[in-house]
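Here is the structure we will look at.
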Amino acid sequence: KDSLYYNFNRVSWINSDGEQVIKGQTETSKPVFTNVSSQSYFQVFHHSEGYTVPGRPEARFGLEPVNSLTNGDFSIIISKKDQQKKGWVITISTPMYAVLKTILPPGFGFCIADDEGRVLLHSETNRSLQENILENADPSRQLKESMISRQQLFFPDINLYGKSNALLIKPVAGMPLHLVTFYDKGYIVPVNMRILSFSLLFCGITFGISLLLWLGFQKRRKRFNINLSGPMHNLK
């Protein structure tokens with residue numbers, strides 16, 4: 001039997017104290033209820049109105065990538081106010097495949113970072129929530145300034161993860177986040193070297209086979225000429 005494919009993992013209704021009261025999930029295991037009052041996706045509605053949905057200023061939401069408090073799985077939580085119960089928040093946990101385990105062209109990568117440079121999402125999932133983009137970039141001053149001023153900026157050559165990269169940073173509209181895309185400028189070098197190596201190897205093999213065929217042909221031709229130049233008295 002084929003397993004069902006969902007774009008979400010679980011849905012929760014959270015009361016004003018941060019306690020998960022109702023929970024539905026795609027997993028067959030028994031749901032675990034916990035207090036999430038310390039999570040940003042819950043607190044955002046107690047400190048502000050949340051983030052604005054592009055094109056719908058009346059719609060507000062919260063968003064936070066997290067390692068689950070119940071099973072440790074990495075996922076993205078999207079939250080909204082419950083319109084029926086004051087202070088309650090409804091959340092949905094989703095793998096959000098557009099930004100998780102994304103297939104990218106070779107040499108390219110991206111991350112989404114907050115105003116302090118903390119990486120919330122990374123094209124290499126194991127880096128999500130584990131590092132600060134400013135600590136891995138050199139020089140990082142201009143990158144930090146572009147975050148503070150929320151300006152789009154292109155760096156033709158910046159050291160990132162110990163390699164020379166081209167990098168573009170762009171603020172996410174309506175949210176204190178920044179999209180950072182980068183390309184390893186040295187990636188094409190080993191690729192070209194592999195192509196050159198295989199080409200030379202193939203040429204060497206082709207030359208070797210051709211040489212062996214030529215030597216075999218010359219040896220056979222020489223033997224044929226010797227036979228023709230020998231005594232002819234047996235021929236009648």
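Each chain in the structure tokens gets a letter, A, B, ..., in the order shown, and its residues are numbered from 1; ligands are numbered from 1 in order too.
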- Query: If you run DSSP on the backbone, which residues of region 11-230 of chain A are helix (DSSP H, G or I), as a PyMOL selection string?
  - Reply: chain A and resi 40-47+125-127+133-135+141-149+188-228
- Based on DSSP run over this structure's backbone, return all residues of chain A in strand (DSSP E or B), as a PyMOL selection string. chain A and resi 10-14+19-25+35+51-53+56-67+74-81+89-94+108-114+118-122+132+137-138+153-160+163-171+177-184
- The residue from A:Leu201, A:Ile169, A:Ile14, A:Leu212 with the smallest atom-to-atom distance to Asp82 (chain A), counting only C-alpha atoms, is A:Ile14
- Using only C-alpha atoms, determine which residues lie at most 12 Å from Lys30 (chain A), disregarding the query and same-chain residues fewer than 6 positions distant; provide the list as a list in words.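 Contacts, with the query itself left out: Lys23, Gly24, Thr70 and Asn71 of chain A.
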Using the selection just defined, write its residues with N, CA and C atoms as a PDB file, in the first residue's frame.
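Heads up, here's the output in out_10.pdb:
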```pdb
ATOM      1  N   LYS A  23      -4.735  18.587  19.068  1.00  0.00           N
ATOM      2  CA  LYS A  23      -3.686  18.313  18.084  1.00  0.00           C
ATOM      3  C   LYS A  23      -4.126  17.210  17.135  1.00  0.00           C
ATOM      4  N   GLY A  24      -3.897  17.448  15.856  1.00  0.00           N
ATOM      5  CA  GLY A  24      -4.113  16.430  14.841  1.00  0.00           C
ATOM      6  C   GLY A  24      -2.833  16.236  14.059  1.00  0.00           C
ATOM      7  N   THR A  70       8.865  17.695  20.798  1.00  0.00           N
ATOM      8  CA  THR A  70       8.369  16.358  21.126  1.00  0.00           C
ATOM      9  C   THR A  70       9.190  15.235  20.499  1.00  0.00           C
ATOM     10  N   ASN A  71       9.630  15.410  19.238  1.00  0.00           N
ATOM     11  CA  ASN A  71      10.385  14.320  18.595  1.00  0.00           C
ATOM     12  C   ASN A  71      11.718  14.763  17.993  1.00  0.00           C
TER      13      ASN A  71
END
```
- Task: Write out as a list in words which residues come within 10 Å of Thr52 (chain A) when counting only C-alpha atoms, dropping same-chain ones fewer than 2 positions away.
- Result: Glu49, Gly50, Pro54, Gly55, Arg56, Pro57, Glu58, Ala59, Arg60, Phe61, Gly62, Ala173, Gly174 and Met175 of chain A
Dump N, CA, C and O atoms for the selected residues as a CSV table (one decimal), in the first residue's frame?
```csv
chain,number,residue,atom,x,y,z
A,49,GLU,N,1.2,42.1,15.8
A,49,GLU,CA,0.0,41.5,15.1
A,49,GLU,C,0.5,40.4,14.1
A,49,GLU,O,-0.3,39.8,13.4
A,50,GLY,N,1.8,40.1,14.2
A,50,GLY,CA,2.3,39.1,13.3
A,50,GLY,C,2.8,39.7,12.0
A,50,GLY,O,2.8,40.9,11.8
A,54,PRO,N,1.7,38.9,1.8
A,54,PRO,CA,1.8,39.8,0.6
A,54,PRO,C,0.5,39.8,-0.2
A,54,PRO,O,0.0,38.8,-0.5
A,55,GLY,N,0.1,41.0,-0.4
A,55,GLY,CA,-1.2,41.2,-1.1
A,55,GLY,C,-2.4,41.2,-0.3
A,55,GLY,O,-3.5,41.5,-0.8
A,56,ARG,N,-2.3,40.8,1.0
A,56,ARG,CA,-3.4,40.7,1.9
A,56,ARG,C,-3.0,41.3,3.2
A,56,ARG,O,-2.7,40.6,4.2
A,57,PRO,N,-3.0,42.6,3.4
A,57,PRO,CA,-2.5,43.3,4.6
A,57,PRO,C,-3.4,42.9,5.8
A,57,PRO,O,-2.9,43.1,6.9
A,58,GLU,N,-4.6,42.5,5.6
A,58,GLU,CA,-5.5,42.1,6.8
A,58,GLU,C,-5.1,40.8,7.3
A,58,GLU,O,-5.5,40.4,8.5
A,59,ALA,N,-4.4,39.9,6.5
A,59,ALA,CA,-4.1,38.6,7.0
A,59,ALA,C,-2.7,38.6,7.7
A,59,ALA,O,-1.8,39.1,7.1
A,60,ARG,N,-2.7,38.0,8.9
A,60,ARG,CA,-1.4,38.0,9.6
A,60,ARG,C,-1.1,36.6,10.0
A,60,ARG,O,-1.9,35.7,10.2
A,61,PHE,N,0.3,36.3,10.1
A,61,PHE,CA,0.7,35.0,10.5
A,61,PHE,C,2.0,35.1,11.2
A,61,PHE,O,2.7,36.1,11.2
A,62,GLY,N,2.4,34.0,11.8
A,62,GLY,CA,3.7,33.8,12.4
A,62,GLY,C,4.4,32.7,11.8
A,62,GLY,O,3.8,31.8,11.2
A,173,ALA,N,10.3,40.8,2.1
A,173,ALA,CA,9.3,41.9,2.4
A,173,ALA,C,8.4,41.5,3.6
A,173,ALA,O,7.8,40.4,3.6
A,174,GLY,N,8.2,42.5,4.5
A,174,GLY,CA,7.3,42.3,5.6
A,174,GLY,C,7.7,41.5,6.7
A,174,GLY,O,7.0,41.2,7.7
A,175,MET,N,9.0,41.0,6.6
A,175,MET,CA,9.5,40.1,7.7
A,175,MET,C,10.9,40.4,8.0
A,175,MET,O,11.7,40.9,7.1
```
- Item | Gap from CA of Ser123 (chain A) to CA of Ser12 (chain A) - Å, one decimal |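 CA of Ser12 (chain A) lies at a distance of 27.2 Å from CA of Ser123 (chain A).
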- Item | Computed interatomic separation between CA of Ala137 (chain A) and CA of Met96 (chain A) (Å) |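 Answer for the CA of Ala137 (chain A) to CA of Met96 (chain A) separation: 26.8 Å.
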- Near region 141-149 of chain A, within 9 Å and counting only C-alpha atoms, which residues show up once chain neighbours fewer than 2 positions away are dropped, as a ChimeraX atom specification? /A:114-117,134,137-139,151-153,155,169-171,177-178
- Query: How many Å lie between CA of Phe33 (chain A) and CA of Leu129 (chain A), rounded to one decimal?
  - Reply: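 CA of Leu129 (chain A) lies at a distance of 23.2 Å from CA of Phe33 (chain A).
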- Message: My list of candidates is A:Thr94, A:Ser68, A:Ser75, A:Ser164. Which is closest to Leu120 (chain A) when distances are computed with only C-alpha atoms?
- Response: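 Under the stated criterion, the closest residue is A:Ser75.
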- Query: With only C-alpha atoms as the atoms that count, which of A:Ser29, A:Gln43, A:Ser128, A:Asn136 lies nearest to Ser79 (chain A)?
  - Reply: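 That would be A:Gln43, the residue with the smallest distance to Ser79 (chain A).
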